[in-house]
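> Next comes the structure file my_file_11.cif, holding mmCIF, C-alpha atoms.
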data_data
#
loop_
_atom_site.label_atom_id
_atom_site.label_comp_id
_atom_site.auth_asym_id
_atom_site.auth_seq_id
_atom_site.Cartn_x
_atom_site.Cartn_y
_atom_site.Cartn_z
CA MET A 641 0.00 0.00 0.00
CA ARG A 642 1.38 3.39 -1.01
CA ARG A 643 0.40 7.02 -1.06
CA TRP A 644 1.45 9.03 -4.11
CA SER A 645 1.85 12.75 -4.78
CA SER A 646 -0.01 14.42 -7.62
CA THR A 647 3.22 14.19 -9.64
CA GLY A 648 3.66 10.44 -9.11
CA ASP A 649 6.23 10.49 -6.31
CA ALA A 650 5.86 7.88 -3.56
CA LEU A 651 5.14 9.76 -0.30
CA TRP A 652 4.46 6.83 2.02
CA GLU A 653 4.69 3.03 1.90
CA PHE A 654 3.26 0.45 4.30
CA LYS A 655 5.90 -1.45 6.21
CA PRO A 656 4.94 -4.68 8.00
CA THR A 657 4.39 -4.18 11.72
CA SER A 658 3.22 -6.21 14.70
CA GLY A 659 -0.34 -7.43 14.01
CA ALA A 660 -0.14 -6.58 10.30
CA ASP A 661 2.79 -8.49 8.88
CA SER A 662 1.96 -8.10 5.20
CA ILE A 663 -0.94 -7.06 3.02
CA LEU A 664 -2.13 -9.66 0.52
CA ASP A 665 -5.32 -7.80 -0.38
CA CYS A 666 -7.13 -4.69 0.78
CA TYR A 667 -10.79 -5.64 1.21
CA ALA A 668 -11.88 -2.12 2.15
CA LEU A 669 -10.28 1.32 2.14
CA ASN A 670 -11.69 4.53 3.58
CA VAL A 671 -9.89 7.82 3.06
CA GLY A 672 -11.04 10.70 5.25
CA ARG A 673 -9.73 14.19 5.81
CA ARG A 674 -7.07 13.29 8.35
CA ALA A 675 -6.64 9.52 8.08
CA ALA A 676 -6.82 6.54 5.79
CA TRP A 677 -8.27 3.29 7.10
CA ALA A 678 -7.45 -0.07 5.53
CA TYR A 679 -9.05 -3.44 6.24
CA THR A 680 -6.69 -6.06 4.92
CA TYR A 681 -6.48 -9.77 4.20
CA THR A 682 -5.59 -12.31 5.72
CA ALA A 683 -6.02 -11.54 9.42
CA PHE A 684 -8.41 -8.61 8.70
CA PRO A 685 -6.86 -6.05 11.05
CA LEU A 686 -8.08 -2.46 10.83
CA LEU A 687 -5.17 -0.14 10.02
CA GLU A 688 -5.35 3.56 10.89
CA ILE A 689 -2.85 5.51 8.79
CA ARG A 690 -2.00 9.12 9.64
CA ASP A 691 0.88 11.39 8.60
CA ASP A 692 1.90 12.30 12.12
CA ARG A 693 2.26 8.85 13.74
CA PRO A 694 3.02 5.18 13.11
CA VAL A 695 0.30 2.94 11.67
CA LYS A 696 -2.13 1.88 14.39
CA VAL A 697 -3.22 -1.74 14.13
CA ARG A 698 -6.51 -2.84 15.66
CA THR A 699 -7.78 -6.41 15.72
CA SER A 700 -11.26 -7.10 14.42
CA PRO A 701 -13.51 -10.14 14.80
CA VAL A 702 -15.25 -9.18 11.53
CA LYS A 703 -14.08 -11.18 8.50
CA GLY A 704 -14.67 -10.44 4.83
CA ALA A 705 -16.36 -7.00 4.90
CA HIS A 706 -16.21 -5.00 1.67
CA ALA A 707 -16.67 -1.45 3.00
CA ILE A 708 -15.92 0.44 6.18
CA ALA A 709 -17.26 3.72 7.55
CA VAL A 710 -15.48 5.60 10.35
CA HIS A 711 -16.81 8.30 12.65
CA GLY A 712 -15.26 9.38 15.95
CA ASP A 713 -14.66 6.29 18.06
CA ARG A 714 -16.82 3.99 15.91
CA VAL A 715 -16.30 1.96 12.77
CA ALA A 716 -18.90 0.07 10.73
CA PHE A 717 -18.05 -2.97 8.61
CA PHE A 718 -20.43 -3.77 5.74
CA GLY A 719 -20.68 -7.04 3.85
CA GLY A 720 -19.10 -10.43 4.03
CA HIS A 721 -19.08 -13.83 2.42
CA GLY A 722 -22.14 -16.03 1.81
CA ASP A 723 -24.96 -15.37 4.28
CA ASP A 724 -23.05 -12.33 5.62
CA SER A 725 -23.30 -10.35 2.36
CA GLY A 726 -25.72 -7.80 3.88
CA ARG A 727 -24.16 -7.81 7.36
CA LEU A 728 -23.50 -4.48 9.09
CA VAL A 729 -21.38 -4.58 12.24
CA VAL A 730 -20.87 -1.36 14.22
CA CYS A 731 -17.83 -1.47 16.50
CA ALA A 732 -16.34 0.74 19.20
CA LEU A 733 -12.69 1.61 18.59
CA THR A 734 -10.31 0.97 21.48
CA GLU A 735 -6.54 1.40 21.49
CA SER A 736 -6.02 -2.12 20.14
CA ALA A 737 -9.33 -3.43 18.78
CA ALA A 738 -12.61 -2.82 16.99
CA GLU A 739 -15.14 -4.31 19.43
CA PRO A 740 -18.63 -5.16 18.12
CA VAL A 741 -21.51 -3.17 19.58
CA THR A 742 -24.35 -4.05 17.19
CA TYR A 743 -24.95 -6.58 14.43
CA SER A 744 -27.62 -5.92 11.82
CA THR A 745 -28.41 -6.26 8.13
CA LEU A 746 -28.39 -3.41 5.64
CA VAL A 747 -31.43 -3.57 3.36
CA ARG A 748 -32.91 -1.58 0.49
CA PRO A 749 -35.21 1.37 1.37
CA GLU A 750 -38.32 -0.78 0.82
CA GLY A 751 -36.89 -3.52 3.07
CA GLY A 752 -35.66 -5.92 0.40
CA GLU A 753 -32.29 -7.61 0.37
CA ILE A 754 -29.40 -5.85 -1.36
CA GLY A 755 -28.29 -8.00 -4.30
CA ARG A 756 -25.19 -7.68 -6.46
CA ARG A 757 -23.64 -4.33 -5.71
CA ARG A 758 -20.74 -1.94 -5.65
CA VAL A 759 -19.78 -0.45 -2.29
CA VAL A 760 -17.50 2.40 -1.25
CA GLY A 761 -16.70 3.69 2.24
CA ARG A 762 -15.83 7.37 2.56
CA GLY A 763 -15.62 9.05 5.97
CA PRO A 764 -18.74 8.11 7.99
CA ARG A 765 -20.69 6.82 4.97
CA VAL A 766 -21.11 3.59 3.05
CA TYR A 767 -22.31 4.15 -0.51
CA VAL A 768 -24.13 1.21 -2.09
CA GLN A 769 -25.02 0.84 -5.76
CA ASP A 770 -26.92 -2.36 -6.47
CA ALA A 771 -27.97 -3.84 -9.80
CA PRO A 772 -28.84 -2.40 -12.30
CA TYR A 773 -26.21 0.10 -11.03
CA THR A 774 -28.11 3.29 -11.79
CA ASP A 775 -28.62 4.76 -8.29
CA TRP A 776 -26.51 5.06 -5.14
CA GLY A 777 -27.89 4.51 -1.64
CA VAL A 778 -26.11 5.93 1.41
CA TRP A 779 -25.84 4.64 4.97
CA ASP A 780 -24.35 7.14 7.44
CA LEU A 781 -22.63 6.12 10.69
CA SER A 782 -22.73 9.70 11.98
CA GLY A 783 -26.51 10.04 11.71
#
For this file, produce the structure as structure tokens.


Amino acid sequence: MRRWSSTGDALWEFKPTSGADSILDCYALNVGRRAAWAYTYTAFPLLEIRDDRPVKVRTSPVKGAHAIAVHGDRVAFFGGHGDDSGRLVVCALTESAAEPVTYSTLVRPEGGEIGRRRVVGRGPRVYVQDAPYTDWGVWDLSG
């Protein structure tokens, strides 16, 4: 994982650290105003990346989410494999972990299940675009 300047210069590069030895895949990335958050495979730690300090690694019991939303001392993980595809887990952030507070299912406005979709986490929001991919829905952790 790297951060680049607008001219293509590498400004930052992830270096393996305790609890996050290497990144094989980034399942979810959320870039806010002051931090980037990465949720990576295989152990699925939550990485908090800021300019002014080392990468903070938090453990998470959530596996396979495809989007994350972050607000204050909370993080929400959306999605998963198989029966967990609509799962929404809101966690409290501690120094070393993301600890589940609530488990629920994200559904369409009329209550139906979300089918095939694209998801993006940005700040406190998860944006969901399900088939036929013409409209975006928004779920907001801050609201």

> Since I can't run it myself right now, could you work out what the PyMOL selection byres ((chain A and resi 740-755) around 6) selects here and report it as a ChimeraX atom specification?

/A:726-731,739,756

> Between A:Ile663, A:Arg698, A:Arg674, A:Pro685, single out the one closest to Ser736 in chain A, counting all atoms listed in the file.

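The closest residue to Ser736 in chain A is A:Arg698.
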
> I need the residue set behind the PyMOL selection byres ((chain A and resi 765) around 6) for this file; please write it as a ChimeraX atom specification.

/A:709,761-764,766,779-780

> May I have the protein, DNA and RNA residues with an atom at most 9 Å from (-7.2, 2.9, 16.7), counting all atoms listed in the file in the file's coordinates, returned as JSON, numbers by chain?

{"A": [686, 687, 688, 696, 697, 698, 713, 733, 734, 735, 736, 737, 738]}

> Mind listing as a PDB file with C-alpha atoms, in the coordinates of the input all residues within 7 Å of (-3.4, 10.4, 7.1), counting all atoms listed in the file?


ATOM      1  CA  ARG A 674      -7.070  13.290   8.350  1.00  0.00           C
ATOM      2  CA  ALA A 675      -6.640   9.520   8.080  1.00  0.00           C
ATOM      3  CA  ALA A 676      -6.820   6.540   5.790  1.00  0.00           C
ATOM      4  CA  ILE A 689      -2.850   5.510   8.790  1.00  0.00           C
ATOM      5  CA  ARG A 690      -2.000   9.120   9.640  1.00  0.00           C
ATOM      6  CA  ASP A 691       0.880  11.390   8.600  1.00  0.00           C
TER       7      ASP A 691
END

> For the structure provided, state which residues fall under the PyMOL selection byres ((chain A and resi 651-658) around 10), and present them as an MDAnalysis selection string.

chainID A and resid 641:645 648:650 659:663 689 691 694:697

> Could you please determine the separation between CA of Asp665 in chain A and CA of Ala705 in chain A in Å, to one decimal place?

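Result for CA of Asp665 in chain A versus CA of Ala705 in chain A: 12.3 Å, one decimal.
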
> Give me the residues within 8 Å of His721 in chain A as a list of chain:residue names, counting all atoms listed in the file and dropping any in the same chain fewer than 2 places off.

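With the cut-off at 8 Å, the set is A:Gly704, A:Ala705, A:Gly719, A:Asp723, A:Asp724, A:Ser725.
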
> Rank A:Ala771, A:Val778, A:Ala683, A:Ile708 by their smallest atom-to-atom distance to Leu664 in chain A, using only C-alpha atoms, and report the top residue only.

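For Leu664 in chain A, the nearest of the candidates is A:Ala683.
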